[in-house]
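What follows is the content of model-v4.cif (mmCIF, C-alpha atoms).
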```
data_structure
loop_
_atom_site.label_atom_id
_atom_site.label_comp_id
_atom_site.auth_asym_id
_atom_site.auth_seq_id
_atom_site.Cartn_x
_atom_site.Cartn_y
_atom_site.Cartn_z
CA GLY A 10 100.93 89.04 79.26
CA GLU A 11 97.43 87.63 79.19
CA GLN A 12 94.62 90.17 79.53
CA VAL A 13 91.11 90.31 80.92
CA GLU A 14 88.87 92.89 79.26
CA GLN A 15 85.99 94.28 81.33
CA LEU A 16 83.14 96.38 80.01
CA PRO A 17 81.59 98.80 80.54
CA SER A 18 83.88 101.00 82.59
CA ILE A 19 80.90 102.97 83.94
CA LEU A 20 77.34 101.67 84.24
CA ARG A 21 74.36 103.70 85.38
CA VAL A 22 71.10 101.89 86.05
CA GLN A 23 67.81 102.77 87.68
CA GLU A 24 67.19 101.36 91.15
CA GLY A 25 65.25 98.12 90.87
CA SER A 26 66.48 97.30 87.37
CA SER A 27 69.21 94.82 86.41
CA ALA A 28 72.89 95.55 85.80
CA SER A 29 75.22 93.47 83.65
CA ILE A 30 79.00 93.53 83.47
CA ASN A 31 80.92 91.55 80.88
CA CYS A 32 84.45 90.18 80.89
CA SER A 33 86.48 88.30 78.32
CA TYR A 34 89.74 86.44 78.82
CA GLU A 35 92.49 85.11 76.59
CA ASP A 36 93.98 82.13 78.43
CA SER A 37 92.12 78.95 77.56
CA ALA A 38 93.66 77.31 80.65
CA SER A 39 91.88 79.74 83.03
CA ASN A 40 89.58 77.77 85.29
CA TYR A 41 88.54 80.12 88.08
CA PHE A 42 86.63 83.40 87.70
CA PRO A 43 85.93 85.52 90.79
CA TRP A 44 84.11 88.82 91.07
CA TYR A 45 85.13 91.39 93.67
CA LYS A 46 83.23 94.45 94.87
CA GLN A 47 85.08 97.53 96.10
CA GLU A 48 83.08 100.22 97.87
CA PRO A 49 84.49 103.77 98.14
CA GLY A 50 87.34 103.87 100.61
CA GLU A 51 87.16 100.13 101.19
CA ASN A 52 89.23 97.16 100.05
CA PRO A 53 87.96 94.69 97.41
CA LYS A 54 85.81 91.83 98.71
CA LEU A 55 84.83 88.60 96.97
CA ILE A 56 81.10 88.52 96.18
CA ILE A 57 80.76 85.49 93.90
CA ASP A 58 82.97 83.16 91.89
CA ILE A 59 82.55 80.42 89.31
CA ARG A 60 84.79 77.53 88.28
CA SER A 61 85.18 76.09 84.82
CA ASN A 62 83.01 73.06 85.56
CA MET A 63 79.95 75.31 85.83
CA GLU A 64 78.07 77.54 83.37
CA ARG A 65 75.87 79.40 85.83
CA LYS A 66 75.95 80.25 89.51
CA GLN A 67 73.54 82.33 91.57
CA ILE A 68 73.82 83.78 95.07
CA GLN A 69 70.69 85.76 95.93
CA GLU A 70 70.55 88.67 93.45
CA LEU A 71 73.94 87.89 91.87
CA ILE A 72 74.16 85.68 88.79
CA VAL A 73 77.40 84.69 87.07
CA LEU A 74 77.46 83.12 83.62
CA LEU A 75 80.49 81.45 82.06
CA ASP A 76 80.89 80.66 78.34
CA LYS A 77 84.19 78.78 78.06
CA LYS A 78 83.96 78.41 74.29
CA ALA A 79 83.73 82.16 73.80
CA LYS A 80 86.04 82.85 76.76
CA ARG A 81 83.51 85.18 78.30
CA PHE A 82 81.92 85.52 81.71
CA SER A 83 79.46 88.00 83.09
CA LEU A 84 77.94 89.29 86.31
CA HIS A 85 74.27 90.15 86.50
CA ILE A 86 72.77 91.97 89.46
CA THR A 87 69.00 91.74 89.56
CA ASP A 88 66.78 94.23 91.42
CA THR A 89 69.62 96.67 92.07
CA GLN A 90 69.68 98.65 95.31
CA PRO A 91 71.63 101.79 96.35
CA GLY A 92 74.06 99.57 98.26
CA ASP A 93 75.08 97.95 94.98
CA SER A 94 76.81 101.19 93.91
CA ALA A 95 80.53 100.34 93.88
CA MET A 96 83.45 99.30 91.70
CA TYR A 97 83.25 95.73 90.45
CA PHE A 98 86.29 93.77 89.27
CA CYS A 99 86.33 90.49 87.40
CA ALA A 100 89.37 88.24 87.33
CA ALA A 101 90.52 85.03 85.69
CA SER A 102 93.06 82.56 86.98
CA ALA A 103 96.38 82.60 85.13
CA GLY A 104 96.67 79.21 83.47
CA ASP A 105 100.39 78.85 84.00
CA SER A 106 100.24 79.64 87.70
CA ASN A 107 98.36 78.05 90.56
CA TYR A 108 98.09 81.33 92.42
CA GLN A 109 97.87 84.29 90.06
CA LEU A 110 94.73 86.10 89.00
CA ILE A 111 94.52 88.42 86.02
CA TRP A 112 92.21 91.31 86.79
CA GLY A 113 89.84 93.34 84.65
CA SER A 114 90.03 97.13 84.78
CA GLY A 115 86.84 97.52 86.79
CA THR A 116 83.29 98.78 86.31
CA LYS A 117 81.90 101.67 88.30
CA LEU A 118 78.24 100.85 88.94
CA ILE A 119 76.00 103.78 89.80
CA ILE A 120 72.45 103.09 90.97
CA LYS A 121 70.13 105.99 90.24
CA PRO A 122 67.23 106.50 92.69
CA GLY B 7 88.07 85.68 110.98
CA GLY B 8 91.17 87.76 110.66
CA ILE B 9 92.53 91.08 109.60
CA ILE B 10 95.17 92.49 107.28
CA THR B 11 97.03 95.57 108.41
CA GLN B 12 99.00 97.77 106.06
CA THR B 13 101.40 100.49 107.15
CA PRO B 14 101.62 103.30 106.49
CA LYS B 15 98.16 104.27 105.28
CA PHE B 16 99.55 107.27 103.39
CA LEU B 17 103.12 107.55 102.10
CA ILE B 18 104.63 110.66 100.57
CA GLY B 19 108.05 110.30 99.02
CA GLN B 20 110.58 112.15 96.96
CA GLU B 21 111.75 111.21 93.48
CA GLY B 22 114.49 108.58 93.64
CA GLN B 23 113.72 107.66 97.23
CA LYS B 24 113.58 104.06 98.42
CA LEU B 25 110.24 103.44 100.15
CA THR B 26 109.05 100.42 102.14
CA LEU B 27 105.46 99.31 102.67
CA LYS B 28 104.51 96.72 105.26
CA CYS B 29 101.71 94.18 105.51
CA GLN B 30 100.68 91.92 108.38
CA GLN B 31 97.94 89.25 108.42
CA ASN B 32 96.60 87.15 111.28
CA PHE B 33 94.56 84.73 109.15
CA ASN B 34 97.48 82.27 109.29
CA HIS B 35 97.33 82.25 105.49
CA ASP B 36 100.16 80.71 103.51
CA THR B 37 100.01 82.96 100.45
CA MET B 38 100.40 86.73 100.35
CA TYR B 39 100.25 89.19 97.48
CA TRP B 40 101.18 92.77 96.63
CA TYR B 41 99.10 94.57 94.02
CA ARG B 42 99.23 98.04 92.56
CA GLN B 43 95.92 99.79 91.80
CA ASP B 44 96.01 102.81 89.51
CA SER B 45 92.94 104.92 88.86
CA GLY B 46 90.90 103.47 85.99
CA LYS B 47 92.91 100.26 85.88
CA GLY B 48 92.55 96.86 87.43
CA LEU B 49 94.82 95.35 90.03
CA ARG B 50 98.29 94.48 88.78
CA LEU B 51 100.33 91.86 90.58
CA ILE B 52 103.77 92.99 91.73
CA TYR B 53 104.97 90.08 93.86
CA TYR B 54 103.47 87.12 95.64
CA SER B 55 104.72 84.60 98.14
CA ILE B 56 103.37 81.07 98.44
CA THR B 57 104.89 80.45 101.84
CA GLU B 58 107.43 81.91 104.27
CA ASN B 59 110.73 82.75 102.51
CA ASP B 60 109.20 82.21 99.07
CA LEU B 61 109.08 85.02 96.52
CA GLN B 62 107.50 85.03 93.06
CA LYS B 63 107.48 87.89 90.55
CA GLY B 64 104.27 89.23 89.12
CA ASP B 65 103.88 91.12 85.85
CA LEU B 66 104.80 94.45 87.48
CA SER B 67 107.85 93.46 89.54
CA GLU B 68 110.36 95.77 87.84
CA GLY B 69 111.20 98.65 90.15
CA TYR B 70 110.13 96.75 93.27
CA ASP B 71 111.62 94.33 95.79
CA ALA B 72 109.71 92.23 98.29
CA SER B 73 110.47 90.21 101.37
CA ARG B 74 108.46 87.55 103.21
CA GLU B 75 110.11 87.80 106.59
CA LYS B 76 107.71 85.40 108.28
CA LYS B 77 104.39 83.76 107.55
CA SER B 78 102.39 86.71 108.86
CA SER B 79 104.29 89.54 107.18
CA PHE B 80 105.14 90.60 103.65
CA SER B 81 106.90 93.84 102.82
CA LEU B 82 107.28 95.71 99.54
CA THR B 83 110.03 98.17 98.63
CA VAL B 84 109.79 100.74 95.88
CA THR B 85 113.45 100.83 94.86
CA SER B 86 113.38 104.32 93.30
CA ALA B 87 110.20 106.35 93.48
CA GLN B 88 109.14 107.98 90.21
CA LYS B 89 108.22 111.68 90.16
CA ASN B 90 104.44 112.38 90.14
CA GLU B 91 103.71 108.70 90.78
CA MET B 92 100.37 108.13 92.51
CA ALA B 93 98.92 104.72 93.24
CA VAL B 94 97.35 102.55 95.88
CA PHE B 95 99.25 99.44 96.93
CA LEU B 96 97.06 96.59 98.15
CA CYS B 97 98.26 93.62 100.15
CA ALA B 98 96.20 90.43 100.10
CA SER B 99 96.40 86.94 101.54
CA SER B 100 94.76 83.59 100.89
CA ILE B 101 94.97 80.05 102.23
CA GLY B 102 96.78 79.41 99.00
CA THR B 103 95.61 75.97 98.03
CA GLY B 104 96.15 76.96 94.42
CA GLY B 105 95.47 74.77 91.44
CA TYR B 106 91.80 73.97 90.86
CA ASN B 107 91.03 74.97 94.40
CA TYR B 108 91.67 78.68 94.07
CA ALA B 109 91.05 80.36 97.38
CA GLU B 110 89.48 83.72 98.15
CA GLN B 111 91.92 86.58 98.49
CA PHE B 112 91.39 88.90 101.45
CA PHE B 113 92.62 92.44 101.00
CA GLY B 114 94.11 95.01 103.35
CA PRO B 115 93.03 98.67 103.40
CA GLY B 116 95.86 99.80 101.13
CA THR B 117 98.76 102.24 101.22
CA ARG B 118 98.28 105.37 99.12
CA LEU B 119 101.58 106.52 97.63
CA THR B 120 102.27 110.02 96.35
CA VAL B 121 105.67 110.98 94.97
CA LEU B 122 106.50 114.68 94.84
#
```

Would you give me this structure, written as structure tokens?
Amino acid sequence: GEQVEQLPSILRVQEGSSASINCSYEDSASNYFPWYKQEPGENPKLIIDIRSNMERKQIQELIVLLDKKAKRFSLHITDTQPGDSAMYFCAASAGDSNYQLIWGSGTKLIIKP
Amino acid sequence: GGIITQTPKFLIGQEGQKLTLKCQQNFNHDTMYWYRQDSGKGLRLIYYSITENDLQKGDLSEGYDASREKKSSFSLTVTSAQKNEMAVFLCASSIGTGGYNYAEQFFGPGTRLTVL
């Protein structure tokens, strides 16, 4: 089936610096790209999403970029804080389904004090 | 707001055993999902249901059955547990508008399965 590749699998950054996570997808019909954050022992929660009619979206310290030509999208967290330490998952809508998401394998973000 | 409840929280089974996981949501959402989460891997879709009595297979449906008994509940059955299997099963729901208007999925706390 279609895949979403997510890199890196582990990311360590200094508190206050920026963190970037990259995803690539295969299905050119994908039109919705959410990012979920999963804290230890918790369930995944939506933090930001972008649709194919946009190239950039920002919510406070979270920035998502979408390059449809290259089939890539990325999450950037500016001014990272200890509370940003978590697993982050990207996903892309499955083009042949109105309901399915194809998920990346996750990035463990560790904020170093 | 609403909540998704999954039971049991921990499930220990024997090889070959049939095991059932339950999920309830009070969001009044139309669409519900079952995912499997293995360590180091992303979420893989097992089954989803667009509305009551609907059932759609995901990429990982082999070895599982599901049932959408009513709008608020969605159960998953492992038909024959595999020895040394360990995974977390996550239930989710969304308002399910689908198409261009993808809706946020809300997740339950998960059921952690261990097969001895």

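Going from CA of Lys80 (chain A) to CA of Glu35 (chain A) covers 6.8 Å.
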
Sorted per-residue table, chain B near chain A, closest atoms and distance, 12 Å, all atoms listed in the file, as a Markdown table:
```
| residue | atom | partner | partner_atom | distance |
| --- | --- | --- | --- | --- |
| B:Ile9 | CA | A:Asn52 | CA | 11.8 |
| B:Ile10 | CA | A:Asn52 | CA | 10.5 |
| B:Thr11 | CA | A:Asn52 | CA | 11.5 |
| B:Gln12 | CA | A:Asn52 | CA | 11.5 |
| B:Lys15 | CA | A:Gly50 | CA | 11.8 |
| B:Asp36 | CA | A:Tyr108 | CA | 11.3 |
| B:Thr37 | CA | A:Tyr108 | CA | 8.4 |
| B:Met38 | CA | A:Tyr108 | CA | 9.9 |
| B:Tyr39 | CA | A:Gln109 | CA | 9.2 |
| B:Trp40 | CA | A:Gln109 | CA | 11.2 |
| B:Tyr41 | CA | A:Trp112 | CA | 10.5 |
| B:Arg42 | CA | A:Trp112 | CA | 11.3 |
| B:Gln43 | CA | A:Ser114 | CA | 9.5 |
| B:Asp44 | CA | A:Ser114 | CA | 9.5 |
| B:Ser45 | CA | A:Ser114 | CA | 9.3 |
| B:Gly46 | CA | A:Ser114 | CA | 6.5 |
| B:Lys47 | CA | A:Ser114 | CA | 4.4 |
| B:Gly48 | CA | A:Ser114 | CA | 3.7 |
| B:Leu49 | CA | A:Trp112 | CA | 5.8 |
| B:Arg50 | CA | A:Trp112 | CA | 7.1 |
| B:Leu51 | CA | A:Gln109 | CA | 8.0 |
| B:Ile52 | CA | A:Gln109 | CA | 10.6 |
| B:Tyr53 | CA | A:Gln109 | CA | 9.9 |
| B:Tyr54 | CA | A:Gln109 | CA | 8.4 |
| B:Ser55 | CA | A:Tyr108 | CA | 9.3 |
| B:Ile56 | CA | A:Tyr108 | CA | 8.0 |
| B:Thr57 | CA | A:Tyr108 | CA | 11.7 |
| B:Gln62 | CA | A:Gln109 | CA | 10.1 |
| B:Lys63 | CA | A:Gln109 | CA | 10.3 |
| B:Gly64 | CA | A:Gln109 | CA | 8.1 |
| B:Asp65 | CA | A:Gly10 | CA | 7.5 |
| B:Leu66 | CA | A:Gly10 | CA | 10.6 |
| B:Val94 | CA | A:Asn52 | CA | 10.6 |
| B:Phe95 | CA | A:Asn52 | CA | 10.7 |
| B:Leu96 | CA | A:Asn52 | CA | 8.1 |
| B:Cys97 | CA | A:Asn52 | CA | 9.7 |
| B:Ala98 | CA | A:Pro53 | CA | 9.7 |
| B:Ser99 | CA | A:Tyr108 | CA | 10.8 |
| B:Ser100 | CA | A:Tyr108 | CA | 9.4 |
| B:Ile101 | CA | A:Tyr108 | CA | 10.4 |
| B:Gly102 | CA | A:Tyr108 | CA | 7.0 |
| B:Thr103 | CA | A:Tyr108 | CA | 8.1 |
| B:Gly104 | CA | A:Asn107 | CA | 4.6 |
| B:Gly105 | CA | A:Asn107 | CA | 4.5 |
| B:Tyr106 | CA | A:Asn40 | CA | 7.1 |
| B:Asn107 | CA | A:Tyr41 | CA | 8.5 |
| B:Tyr108 | CA | A:Tyr41 | CA | 6.9 |
| B:Ala109 | CA | A:Tyr108 | CA | 8.7 |
| B:Glu110 | CA | A:Leu55 | CA | 6.8 |
| B:Gln111 | CA | A:Leu55 | CA | 7.5 |
| B:Phe112 | CA | A:Lys54 | CA | 6.9 |
| B:Phe113 | CA | A:Asn52 | CA | 5.9 |
| B:Gly114 | CA | A:Asn52 | CA | 6.3 |
| B:Pro115 | CA | A:Asn52 | CA | 5.3 |
| B:Gly116 | CA | A:Asn52 | CA | 7.2 |
| B:Thr117 | CA | A:Asn52 | CA | 10.9 |
| B:Arg118 | CA | A:Gly50 | CA | 11.1 |
```

What's the separation between CA of Glu70 (chain A) and CA of Ser94 (chain A), in Å to one decimal place?
14.0 Å

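Using the PyMOL selection byres ((chain B and resi 119) around 7) on this structure selects Phe16, Leu17, Ile18, Met92, Ala93, Val94, Thr117, Arg118, Thr120 and Val121 of chain B.
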
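Straight-line separation from CA of Ala28 (chain A) to CA of Leu74 (chain A): 13.4 Å.
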
The residue from A:Gln47, A:Asn31, A:Pro122, A:Asp93 with the smallest atom-to-atom distance to Leu75 (chain A), counting only C-alpha atoms, is A:Asn31

Result set, the PyMOL selection byres ((chain A and resi 89) around 7) on current file, as a PDB file with C-alpha atoms, in the coordinates of the input:
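File written: expr.pdb
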```
ATOM      1  CA  GLU A  24      67.190 101.360  91.150  1.00  0.00           C
ATOM      2  CA  GLY A  25      65.250  98.120  90.870  1.00  0.00           C
ATOM      3  CA  SER A  26      66.480  97.300  87.370  1.00  0.00           C
ATOM      4  CA  SER A  27      69.210  94.820  86.410  1.00  0.00           C
ATOM      5  CA  ILE A  86      72.770  91.970  89.460  1.00  0.00           C
ATOM      6  CA  THR A  87      69.000  91.740  89.560  1.00  0.00           C
ATOM      7  CA  ASP A  88      66.780  94.230  91.420  1.00  0.00           C
ATOM      8  CA  GLN A  90      69.680  98.650  95.310  1.00  0.00           C
ATOM      9  CA  PRO A  91      71.630 101.790  96.350  1.00  0.00           C
ATOM     10  CA  ASP A  93      75.080  97.950  94.980  1.00  0.00           C
TER      11      ASP A  93
END
```

Apply the PyMOL selection byres ((chain B and resi 76-81) around 6) to the displayed file and report the matching residues as a compact mmCIF listing (two decimals) with C-alpha atoms, in the frame of the given file.
```txt
# COMPACT_ATOMS: atom_id res chain seq x y z
CA LEU B 27 105.46 99.31 102.67
CA LYS B 28 104.51 96.72 105.26
CA CYS B 29 101.71 94.18 105.51
CA GLN B 30 100.68 91.92 108.38
CA GLN B 31 97.94 89.25 108.42
CA GLU B 58 107.43 81.91 104.27
CA ALA B 72 109.71 92.23 98.29
CA SER B 73 110.47 90.21 101.37
CA ARG B 74 108.46 87.55 103.21
CA GLU B 75 110.11 87.80 106.59
CA LEU B 82 107.28 95.71 99.54
```

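Minimum atom-to-atom distances from B:Asp60, B:Asp71, B:Ser86, B:Gly8 to Lys24 (chain B) were compared using all atoms listed in the file, and the lowest value belongs to B:Ser86.
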
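Each of B:Asn32, B:Thr13, B:Gly7, B:Leu122 was checked against Gln88 (chain B) using all atoms listed in the file; the smallest atom-to-atom distance is that of B:Leu122.
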
Step by step, gather every atom of region 63-80 of chain B that the file lists, find the box along x, y and z that holds them, add 3 Å on each side, and finally give centre and edge lengths in Å to one decimal, as lines of an AutoDock Vina configuration file.
```
center_x = 107.0
center_y = 91.2
center_z = 97.4
size_x = 15.2
size_y = 20.9
size_z = 29.0
```
